[in-house]
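Visitor: Just so it is clear, I am handing over my_file_14.csv, which has CSV, C-alpha atoms and all ligand atoms.
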```csv
chain,number,residue,atom,x,y,z
A,1,MET,CA,21.7,167.8,179.8
A,2,ALA,CA,24.0,168.4,182.8
A,3,SER,CA,26.9,170.6,181.9
A,4,PRO,CA,29.9,168.3,181.8
A,5,ALA,CA,32.2,170.5,183.9
A,6,PHE,CA,35.6,169.2,184.9
A,7,ARG,CA,38.5,170.3,187.0
A,8,ILE,CA,42.2,171.1,186.3
A,9,GLY,CA,43.4,170.8,189.9
A,10,PRO,CA,41.7,173.6,191.8
A,11,VAL,CA,40.4,175.3,188.6
A,12,LYS,CA,36.8,174.5,187.8
A,13,VAL,CA,36.1,174.5,184.1
A,14,GLU,CA,32.3,175.0,183.8
A,15,ASN,CA,31.9,173.6,180.4
A,16,PRO,CA,34.2,171.6,178.1
A,17,VAL,CA,34.5,174.0,175.3
A,18,LEU,CA,37.9,175.8,175.3
A,19,LEU,CA,38.9,178.8,173.1
A,20,ALA,CA,42.3,177.9,171.6
A,21,PRO,CA,45.4,180.1,172.1
A,22,MET,CA,45.9,182.0,168.9
A,23,GLU,CA,48.7,184.5,168.2
A,24,ASP,CA,47.3,187.9,167.1
A,25,VAL,CA,43.8,186.7,167.7
A,26,THR,CA,43.1,185.8,171.4
A,27,SER,CA,44.0,189.2,172.7
A,28,LEU,CA,42.4,190.6,175.8
A,29,ALA,CA,39.9,192.5,173.5
A,30,PHE,CA,38.8,189.3,171.7
A,31,ARG,CA,38.7,187.2,174.9
A,32,LEU,CA,36.4,189.7,176.6
A,33,ILE,CA,34.0,189.6,173.6
A,34,CYS,CA,34.1,185.8,173.5
A,35,LYS,CA,33.5,185.5,177.2
A,36,ARG,CA,30.4,187.7,177.0
A,37,ILE,CA,28.9,186.1,173.9
A,38,ALA,CA,30.0,182.4,174.1
A,39,HIS,CA,31.0,181.6,177.7
A,40,PRO,CA,33.7,179.1,176.8
A,41,GLY,CA,34.8,177.0,179.8
A,42,LEU,CA,38.4,178.2,179.5
A,43,MET,CA,40.4,180.6,177.4
A,44,PHE,CA,44.1,181.1,176.8
A,45,THR,CA,46.2,184.1,175.9
A,46,GLU,CA,48.3,184.3,172.7
A,47,PHE,CA,51.5,182.5,173.3
A,48,VAL,CA,54.1,184.5,175.2
A,49,SER,CA,57.8,184.2,174.5
A,50,SER,CA,59.8,183.2,177.6
A,51,MET,CA,62.9,184.9,176.1
A,52,ALA,CA,60.9,188.1,175.8
A,53,ILE,CA,60.0,187.9,179.4
A,54,HIS,CA,63.5,187.0,180.4
A,55,TYR,CA,64.8,190.1,178.7
A,56,GLY,CA,62.2,192.2,180.4
A,57,ALA,CA,60.1,193.1,177.3
A,58,GLU,CA,57.6,195.5,178.8
A,59,LYS,CA,55.2,195.1,175.9
A,60,THR,CA,55.0,191.3,176.3
A,61,LEU,CA,54.4,191.8,180.0
A,62,LYS,CA,51.6,194.2,179.3
A,63,LYS,CA,50.1,191.7,176.8
A,64,MET,CA,49.7,189.3,179.7
A,65,ARG,CA,47.2,191.5,181.4
A,66,ILE,CA,44.2,189.6,182.6
A,67,GLU,CA,40.7,190.9,183.6
A,68,ASN,CA,38.8,189.1,186.3
A,69,GLU,CA,35.7,188.7,184.2
A,70,GLU,CA,37.6,186.4,181.7
A,71,ARG,CA,38.6,183.8,184.3
A,72,PRO,CA,39.4,181.0,184.2
A,73,LEU,CA,42.3,182.0,182.0
A,74,GLY,CA,45.5,180.2,181.0
A,75,ILE,CA,48.6,182.1,180.0
A,76,GLN,CA,50.4,180.1,177.3
A,77,ILE,CA,54.2,180.3,177.3
A,78,PHE,CA,56.8,178.9,174.9
A,79,GLY,CA,60.6,178.4,175.1
A,80,GLY,CA,63.3,175.8,175.1
A,81,ASP,CA,65.2,176.6,178.3
A,82,PRO,CA,63.8,175.0,181.5
A,83,GLU,CA,65.0,177.7,183.8
A,84,ILE,CA,63.8,180.6,181.7
A,85,MET,CA,60.4,178.8,181.2
A,86,ALA,CA,60.2,178.4,185.0
A,87,GLU,CA,60.9,182.1,185.4
A,88,THR,CA,58.2,183.0,182.8
A,89,ALA,CA,55.7,180.7,184.5
A,90,ARG,CA,56.4,182.5,187.8
A,91,VAL,CA,55.8,185.9,186.2
A,92,SER,CA,52.6,184.5,184.5
A,93,ALA,CA,51.3,183.3,187.9
A,94,GLU,CA,52.1,186.7,189.4
A,95,MET,CA,50.2,188.3,186.6
A,96,GLY,CA,47.2,186.3,187.8
A,97,ALA,CA,47.1,183.3,185.4
A,98,ASP,CA,44.8,180.6,186.7
A,99,LEU,CA,47.0,178.1,184.9
A,100,ILE,CA,50.1,177.9,182.8
A,101,ASP,CA,50.0,176.2,179.4
A,102,ILE,CA,53.2,175.1,177.7
A,103,ASN,CA,53.2,175.3,173.9
A,104,MET,CA,54.7,172.3,172.2
A,105,GLY,CA,52.7,172.6,169.1
A,106,CYS,CA,53.9,175.6,167.2
A,107,TRP,CA,55.7,174.5,164.1
A,108,VAL,CA,56.6,177.9,162.5
A,109,PRO,CA,60.3,178.2,161.8
A,110,LYS,CA,60.9,181.3,164.0
A,111,VAL,CA,59.8,179.3,167.0
A,112,VAL,CA,61.1,175.8,166.1
A,113,LYS,CA,64.6,177.0,165.3
A,114,THR,CA,65.0,178.2,168.9
A,115,GLY,CA,64.2,174.7,170.2
A,116,SER,CA,60.8,175.8,171.3
A,117,GLY,CA,57.2,174.8,170.4
A,118,ALA,CA,56.9,171.7,168.3
A,119,ALA,CA,60.7,171.2,168.3
A,120,LEU,CA,60.3,169.8,171.8
A,121,LEU,CA,58.3,166.9,170.4
A,122,LYS,CA,61.6,165.6,169.0
A,123,ASP,CA,63.3,165.6,172.3
A,124,PRO,CA,61.2,163.9,175.0
A,125,ASP,CA,63.8,164.1,177.8
A,126,HIS,CA,64.3,167.8,177.3
A,127,ALA,CA,60.5,168.4,177.0
A,128,GLU,CA,59.9,166.6,180.2
A,129,LYS,CA,62.6,168.7,181.9
A,130,ILE,CA,60.8,171.8,180.9
A,131,VAL,CA,57.4,170.6,182.2
A,132,LYS,CA,59.1,169.5,185.5
A,133,ALA,CA,60.8,172.9,185.9
A,134,VAL,CA,57.6,174.8,185.3
A,135,VAL,CA,55.5,172.6,187.6
A,136,GLU,CA,58.0,173.1,190.4
A,137,ALA,CA,58.1,176.9,189.8
A,138,VAL,CA,54.4,177.6,190.3
A,139,ASP,CA,51.4,176.7,192.5
A,140,VAL,CA,48.9,177.0,189.7
A,141,PRO,CA,48.2,174.0,187.5
A,142,VAL,CA,50.4,173.4,184.5
A,143,THR,CA,49.0,172.1,181.2
A,144,VAL,CA,50.7,171.2,177.9
A,145,LYS,CA,49.4,171.6,174.3
A,146,VAL,CA,51.1,169.2,171.9
A,147,ARG,CA,50.7,168.0,168.4
A,148,ALA,CA,50.8,164.3,167.5
A,149,GLY,CA,54.5,164.3,166.8
A,150,TRP,CA,57.1,166.0,164.6
A,151,ASP,CA,56.3,164.0,161.5
A,152,TYR,CA,54.4,160.9,160.5
A,153,SER,CA,57.3,158.6,161.4
A,154,LEU,CA,56.4,158.8,165.1
A,155,PHE,CA,53.2,159.3,167.0
A,156,ALA,CA,55.1,160.8,169.9
A,157,ALA,CA,52.2,162.2,171.9
A,158,PRO,CA,51.4,159.1,174.1
A,159,ASP,CA,54.9,158.8,175.4
A,160,LEU,CA,55.3,162.5,175.9
A,161,ALA,CA,51.9,162.9,177.6
A,162,LYS,CA,52.7,160.0,180.0
A,163,ARG,CA,56.0,161.7,180.9
A,164,PHE,CA,54.3,165.1,181.3
A,165,GLN,CA,51.6,163.6,183.5
A,166,GLY,CA,54.3,162.0,185.6
A,167,ALA,CA,56.1,165.3,185.8
A,168,GLY,CA,52.9,167.0,187.2
A,169,ALA,CA,51.0,168.3,184.2
A,170,GLN,CA,47.3,168.4,184.9
A,171,MET,CA,45.8,168.6,181.4
A,172,ILE,CA,47.0,167.7,177.9
A,173,THR,CA,45.6,169.2,174.7
A,174,LEU,CA,46.2,167.4,171.5
A,175,HIS,CA,46.0,169.2,168.1
A,176,ALA,CA,45.5,166.0,166.1
A,177,ARG,CA,48.0,166.8,163.4
A,178,PHE,CA,51.8,166.3,163.1
A,179,ALA,CA,53.9,169.4,163.3
A,180,LYS,CA,55.2,168.9,159.7
A,181,GLN,CA,51.6,169.1,158.5
A,182,GLY,CA,51.1,172.7,159.5
A,183,PHE,CA,47.4,173.0,158.8
A,184,GLU,CA,47.3,170.6,155.9
A,185,GLY,CA,45.0,167.7,155.6
A,186,GLU,CA,42.4,166.8,158.1
A,187,ALA,CA,43.0,166.5,161.8
A,188,ASN,CA,43.0,162.8,162.7
A,189,TRP,CA,40.7,162.4,165.7
A,190,GLN,CA,41.7,158.7,166.0
A,191,LEU,CA,44.9,160.0,167.5
A,192,ILE,CA,42.9,161.6,170.3
A,193,SER,CA,41.2,158.3,171.1
A,194,ASP,CA,44.7,156.6,171.1
A,195,LEU,CA,46.1,159.2,173.5
A,196,ARG,CA,43.0,158.8,175.8
A,197,GLU,CA,44.4,155.4,176.6
A,198,ALA,CA,47.7,156.8,177.7
A,199,VAL,CA,46.7,159.5,180.2
A,200,SER,CA,44.3,159.9,183.1
A,201,VAL,CA,44.5,163.7,183.4
A,202,PRO,CA,41.9,165.7,181.5
A,203,LEU,CA,42.5,165.4,177.8
A,204,ILE,CA,41.3,168.1,175.3
A,205,GLY,CA,40.8,167.3,171.7
A,206,ASN,CA,41.6,169.9,169.1
A,207,GLY,CA,41.5,170.2,165.3
A,208,ASP,CA,38.8,171.1,162.7
A,209,ILE,CA,35.8,171.7,165.0
A,210,LYS,CA,33.4,174.0,163.2
A,211,THR,CA,30.0,173.1,164.6
A,212,ALA,CA,28.3,171.8,167.8
A,213,ASP,CA,27.9,168.5,166.0
A,214,ASP,CA,31.6,168.2,165.4
A,215,ALA,CA,32.3,168.9,169.0
A,216,LYS,CA,29.8,166.3,170.3
A,217,ARG,CA,31.1,163.8,167.8
A,218,MET,CA,34.7,164.4,168.9
A,219,MET,CA,33.8,163.9,172.5
A,220,SER,CA,31.8,160.8,171.9
A,221,GLU,CA,34.2,159.2,169.4
A,222,THR,CA,37.4,159.9,171.3
A,223,GLY,CA,36.5,160.0,175.0
A,224,CYS,CA,38.2,163.4,175.4
A,225,ASP,CA,37.1,165.6,178.4
A,226,GLY,CA,36.7,168.7,176.3
A,227,VAL,CA,37.3,170.3,172.9
A,228,MET,CA,39.3,173.3,171.9
A,229,VAL,CA,38.1,175.5,169.1
A,230,GLY,CA,40.4,177.7,167.1
A,231,ARG,CA,39.8,179.0,163.6
A,232,ALA,CA,36.0,178.6,163.7
A,233,ALA,CA,35.9,181.2,166.5
A,234,ILE,CA,38.0,183.9,164.7
A,235,SER,CA,35.8,187.0,164.4
A,236,ASN,CA,32.9,184.6,165.1
A,237,PRO,CA,32.1,184.4,168.8
A,238,TRP,CA,28.6,183.3,167.8
A,239,ALA,CA,30.0,180.1,166.3
A,240,LEU,CA,31.8,179.4,169.5
A,241,ALA,CA,28.5,180.1,171.4
A,242,ARG,CA,26.6,177.6,169.2
A,243,ILE,CA,29.3,175.0,169.9
A,244,THR,CA,29.2,175.6,173.7
A,245,CYS,CA,25.5,175.5,173.8
A,246,GLY,CA,25.4,172.3,171.7
A,247,VAL,CA,27.7,170.6,174.1
A,248,THR,CA,26.0,171.8,177.3
A,249,GLY,CA,22.5,171.3,176.0
A,250,ASP,CA,21.7,175.0,176.6
A,251,LEU,CA,19.5,176.9,174.1
A,252,ALA,CA,21.8,178.3,171.3
A,253,PRO,CA,21.6,182.0,170.8
A,254,PRO,CA,19.9,183.2,167.6
A,255,GLU,CA,22.1,184.0,164.6
A,256,PRO,CA,23.6,187.5,165.0
A,257,THR,CA,22.0,190.2,163.1
A,258,LEU,CA,24.1,192.2,160.7
A,259,GLU,CA,24.0,195.2,163.2
A,260,GLU,CA,25.3,192.9,165.9
A,261,ARG,CA,28.1,191.7,163.8
A,262,ILE,CA,29.1,195.3,162.9
A,263,GLU,CA,28.8,196.5,166.5
A,264,THR,CA,31.0,193.7,167.7
A,265,ALA,CA,33.6,194.3,165.0
A,266,ILE,CA,33.8,197.9,166.0
A,267,GLU,CA,33.9,197.1,169.7
A,268,HIS,CA,36.8,194.6,168.9
A,269,ALA,CA,38.7,197.4,167.1
A,270,GLN,CA,38.0,199.9,169.9
A,271,LEU,CA,39.2,197.6,172.6
A,272,THR,CA,42.3,196.7,170.6
A,273,VAL,CA,43.2,200.4,170.2
A,274,MET,CA,42.7,200.9,174.0
A,275,ALA,CA,44.9,197.9,174.8
A,276,GLU,CA,47.6,199.1,172.3
A,277,ALA,CA,47.7,202.5,174.0
A,278,GLU,CA,48.1,200.9,177.4
A,279,VAL,CA,50.8,198.5,176.1
A,280,ASP,CA,52.8,201.3,174.5
A,281,HIS,CA,52.3,204.2,176.7
A,282,PHE,CA,50.7,202.9,179.9
A,283,ALA,CA,48.0,205.4,179.3
A,284,ASP,CA,44.5,205.9,178.2
A,285,VAL,CA,44.4,206.5,174.5
A,286,GLU,CA,42.4,209.7,175.0
A,287,ALA,CA,45.0,211.2,177.3
A,288,LEU,CA,47.7,211.1,174.6
A,289,PRO,CA,48.5,213.8,172.0
A,290,GLN,CA,46.4,213.5,168.9
A,291,LYS,CA,49.3,212.5,166.7
A,292,GLU,CA,50.2,209.7,169.1
A,293,GLN,CA,46.5,208.5,169.2
A,294,ASP,CA,46.4,208.4,165.4
A,295,ALA,CA,49.6,206.3,165.3
A,296,ILE,CA,48.3,203.9,167.9
A,297,GLU,CA,45.0,203.5,166.1
A,298,LEU,CA,46.6,202.9,162.8
A,299,ARG,CA,48.9,200.2,164.3
A,300,ALA,CA,46.1,198.4,166.1
A,301,ILE,CA,43.7,198.5,163.2
A,302,ARG,CA,46.4,197.2,160.8
A,303,ARG,CA,46.9,194.2,163.0
A,304,LEU,CA,43.1,193.5,162.8
A,305,ARG,CA,42.8,193.9,159.0
A,306,GLY,CA,42.8,190.2,158.4
A,307,GLN,CA,40.1,189.5,160.9
A,308,LEU,CA,37.6,192.4,160.3
A,309,PRO,CA,36.2,191.1,157.0
A,310,LEU,CA,35.4,187.8,158.7
A,311,TYR,CA,32.8,189.5,160.9
A,312,ILE,CA,30.5,189.9,157.9
A,313,LYS,CA,31.7,186.8,156.0
A,314,GLY,CA,28.7,185.1,154.4
A,315,VAL,CA,26.5,188.1,154.4
A,316,TYR,CA,25.1,189.0,151.0
A,317,GLY,CA,27.4,191.5,149.3
A,318,ALA,CA,30.2,191.2,151.9
A,319,ALA,CA,32.8,190.7,149.1
A,320,THR,CA,32.1,194.3,147.9
A,321,VAL,CA,33.7,195.8,151.1
A,322,ARG,CA,36.4,193.2,151.7
A,323,GLY,CA,39.0,195.2,149.8
A,324,ARG,CA,38.3,198.4,151.7
A,325,LEU,CA,38.3,196.6,155.0
A,326,SER,CA,41.7,195.1,154.3
A,327,ARG,CA,43.1,198.6,153.8
A,328,VAL,CA,41.2,200.3,156.7
A,329,GLU,CA,43.3,202.8,158.7
A,330,SER,CA,41.1,204.2,161.5
A,331,LEU,CA,38.1,203.5,163.7
A,332,GLN,CA,36.1,206.2,162.0
A,333,GLU,CA,36.8,204.7,158.6
A,334,LEU,CA,36.0,201.2,159.9
A,335,SER,CA,32.7,202.4,161.2
A,336,ASP,CA,31.9,204.3,158.0
A,337,ILE,CA,32.6,201.2,155.8
A,338,LEU,CA,30.6,198.8,157.9
A,339,TRP,CA,27.5,201.1,158.4
A,340,GLU,CA,27.5,202.0,154.7
A,341,PHE,CA,27.5,198.3,154.0
A,342,GLU,CA,24.6,197.8,156.4
A,343,SER,CA,22.6,200.5,154.5
A,344,TYR,CA,23.4,198.9,151.2
A,345,VAL,CA,22.2,195.5,152.5
A,346,ARG,CA,19.0,197.0,153.8
A,347,SER,CA,18.3,198.8,150.6
A,348,GLU,CA,18.9,195.6,148.6
A,349,GLN,CA,16.5,193.7,150.9
A,350,ALA,CA,13.9,196.4,150.4
A,351,ARG,CA,14.2,196.2,146.6
A,352,ALA,CA,14.0,192.4,146.5
A,353,PRO,CA,10.6,191.2,145.3
A,354,SER,CA,8.7,189.5,148.1
A,355,ALA,CA,7.9,185.9,147.5
B,1,LIG,C1,46.0,182.5,163.7
B,1,LIG,C2,46.4,181.3,164.6
B,1,LIG,C3,47.3,181.5,165.6
B,1,LIG,C4,47.6,180.4,166.4
B,1,LIG,N1,48.4,180.7,167.5
B,1,LIG,C5,48.7,179.7,168.4
B,1,LIG,C6,49.4,179.9,169.6
B,1,LIG,O1,49.8,181.0,169.9
B,1,LIG,N2,49.5,178.8,170.5
B,1,LIG,C7,49.1,177.6,170.2
B,1,LIG,O2,49.2,176.6,171.0
B,1,LIG,N3,48.4,177.3,169.0
B,1,LIG,C8,48.2,178.3,168.2
B,1,LIG,N4,47.4,178.1,167.0
B,1,LIG,C9,46.9,176.8,166.8
B,1,LIG,C10,45.5,176.7,167.5
B,1,LIG,O3,45.5,176.9,168.9
B,1,LIG,C11,44.8,175.3,167.2
B,1,LIG,O4,45.6,174.3,167.7
B,1,LIG,C12,44.7,175.1,165.7
B,1,LIG,O5,44.2,176.2,165.0
B,1,LIG,C13,43.7,173.9,165.4
B,1,LIG,O6,42.4,174.1,165.9
B,1,LIG,P1,41.2,174.5,164.8
B,1,LIG,O7,41.1,173.5,163.8
B,1,LIG,O8,40.0,174.6,165.7
B,1,LIG,O9,41.6,175.9,164.3
B,1,LIG,C14,47.1,179.1,166.2
B,1,LIG,C15,46.3,179.0,165.1
B,1,LIG,C16,45.9,180.0,164.3
B,1,LIG,C17,44.9,179.8,163.2
```
Let me see whether you can do it: turn the structure in this file into structure tokens.

Guide:
Amino acid sequence: MASPAFRIGPVKVENPVLLAPMEDVTSLAFRLICKRIAHPGLMFTEFVSSMAIHYGAEKTLKKMRIENEERPLGIQIFGGDPEIMAETARVSAEMGADLIDINMGCWVPKVVKTGSGAALLKDPDHAEKIVKAVVEAVDVPVTVKVRAGWDYSLFAAPDLAKRFQGAGAQMITLHARFAKQGFEGEANWQLISDLREAVSVPLIGNGDIKTADDAKRMMSETGCDGVMVGRAAISNPWALARITCGVTGDLAPPEPTLEERIETAIEHAQLTVMAEAEVDHFADVEALPQKEQDAIELRAIRRLRGQLPLYIKGVYGAATVRGRLSRVESLQELSDILWEFESYVRSEQARAPSA
């Protein structure tokens, strides 16, 4: 099967499987791992607050760091002020973003109450102004990620997407739920088909893709140009790889061994600690005093606590270490817990009577 590549302006997207932007998940560390294992056609940063950039938050700037090997990469930004969004888009382009994605899907109160994210779905004129300002500010393509609308009373996405296309947006992603739904209920893929009629720029469908079959079905049922995968990829780059291969027709990689899962979880944690040191101290973690290193390690590992158990989810006996993983405080402890678990699984397998 020919790989159904597509373009977003000058940006070539080699395959139509995109890794979703996810706060606290799609860090540089995780993106590098996903790129190596799953080769998604395009990835995005966690969303970046335009206000944080406006006020010169060094940590946010550092979080926008991009490595060449992860390209093409979109920096996703959010905010409610057209000028500040334009300024943030310029900074993102200077940081090397291949494209700028505007978030109009985030429904959490801390974002919505500032007039950002999904709040913009309720104000099409203002939303269009933001897209226009961002498009005018940068030379790289601008894309927008929306939900279907604020609530069930109005499927706002078609009108919005047409306006955004008119304002120069070069790709639209639809998470096929309404903002008020949060993550409740199933994504309604029919909304993606309906939006397909409204726009000619690449349309990406998003919501509830877990397998390659889901991805293929979404593409054939809705006519979207690509699919975006979020939760199924968290701590599971192999699931993303299976989806990518299913869509491109390439041979899917074998299921990861337990060793591979453990090595990847530890690598994820190590890279996160390194990134944390750079963000906080502009330094190599090993160049810092031991006390500082320990504090950074603890902070980085704490942030990953929710994701680490997912690396071994589904493996026989994984529940026995879930509690310890959710309290883990250092790289050494993480490694000890995971390798002890691996020995336990091996000994259980050796004891099991052969069929
Ligand atoms: C932990 C988490 C963080 C997220 N953060 C963002 C974000 O920063 N920007 C965004 O546009 N969407 C964000 N989302 C939404 C996802 O990009 C995606 O639209 C949603 O999860 C639906 O896709 P899925 O069913 O494949 O998970 C987030 C979702 C999750 C689970």

Visitor: Could you give me the axis-aligned bounding box of ligand LIG 1 (chain B), with 4 Å of padding per side, as centre plus edge lengths in Å to one decimal, as lines of an AutoDock Vina configuration file?

Guide:
```
center_x = 44.9
center_y = 178.0
center_z = 167.1
size_x = 17.8
size_y = 17.0
size_z = 15.8
```

Visitor: Determine, counting all atoms listed in the file, every residue of protein, DNA or RNA that lies within 10 Å of (36.8, 183.3, 182.9) in the file coordinates, then give the result as a PyMOL selection string.

Guide: chain A and resi 13-14+31-32+35-36+39-44+66-74+98

Visitor: Excluding same-chain residues fewer than 3 positions from stretch 325-333 of chain A, what lies within 12 Å of it counting all atoms listed in the file, as a ChimeraX atom specification?

Guide: /A:263,265-274,293-313,318-322,336-341

Visitor: Tell me which of A:Leu174, A:Val111, A:Ile102, A:Ala38 sits closest to A:Val17, counting only C-alpha atoms.

Guide: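 Result for the nearest residue to A:Val17: A:Ala38.
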
Visitor: May I have the residues within 9 Å of A:Val134 as a PyMOL selection string, using all atoms listed in the file and disregarding those fewer than 5 positions away in the same chain?

Guide: chain A and resi 82-83+85-90+100+102+129+142

Visitor: Check which residues fall inside 9 Å of ligand LIG 1 (chain B) when counting all atoms listed in the file, and print them as a PyMOL selection string.

Guide: chain A and resi 19-26+44-48+76-78+101-106+117+144-147+173-177+183+186-187+206-210+227-234

Visitor: In terms of the shortest atom-to-atom distance over only C-alpha atoms, which of A:Arg163, A:Gln170, A:Gly314, A:His126 is closest to A:Leu258?

Guide: A:Gly314

Visitor: Quick one: pull the distance between atom CA of A:Ala133 and atom CA of A:Lys62, Å, one decimal.

Guide: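 Straight-line distance from atom CA of A:Ala133 to atom CA of A:Lys62 works out to 24.1 Å.
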
Visitor: Which residue, A:Gly115, A:Met219, A:Val140, A:Glu276, has the smallest gap to A:Glu292 when you use all atoms listed in the file?

Guide: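 Residue with the minimum atom-to-atom distance to A:Glu292: A:Glu276.
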
Visitor: Report, in Å to a single decimal, how far apart atom CA of A:Ile75 and atom CA of A:Ser50 are.

Guide: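 Answer for the atom CA of A:Ser50 to atom CA of A:Ile75 separation: 11.5 Å.
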
Visitor: Mind pulling up the distance from atom CA of A:Asp81 to atom CA of A:Met51?

Guide: 8.9 Å
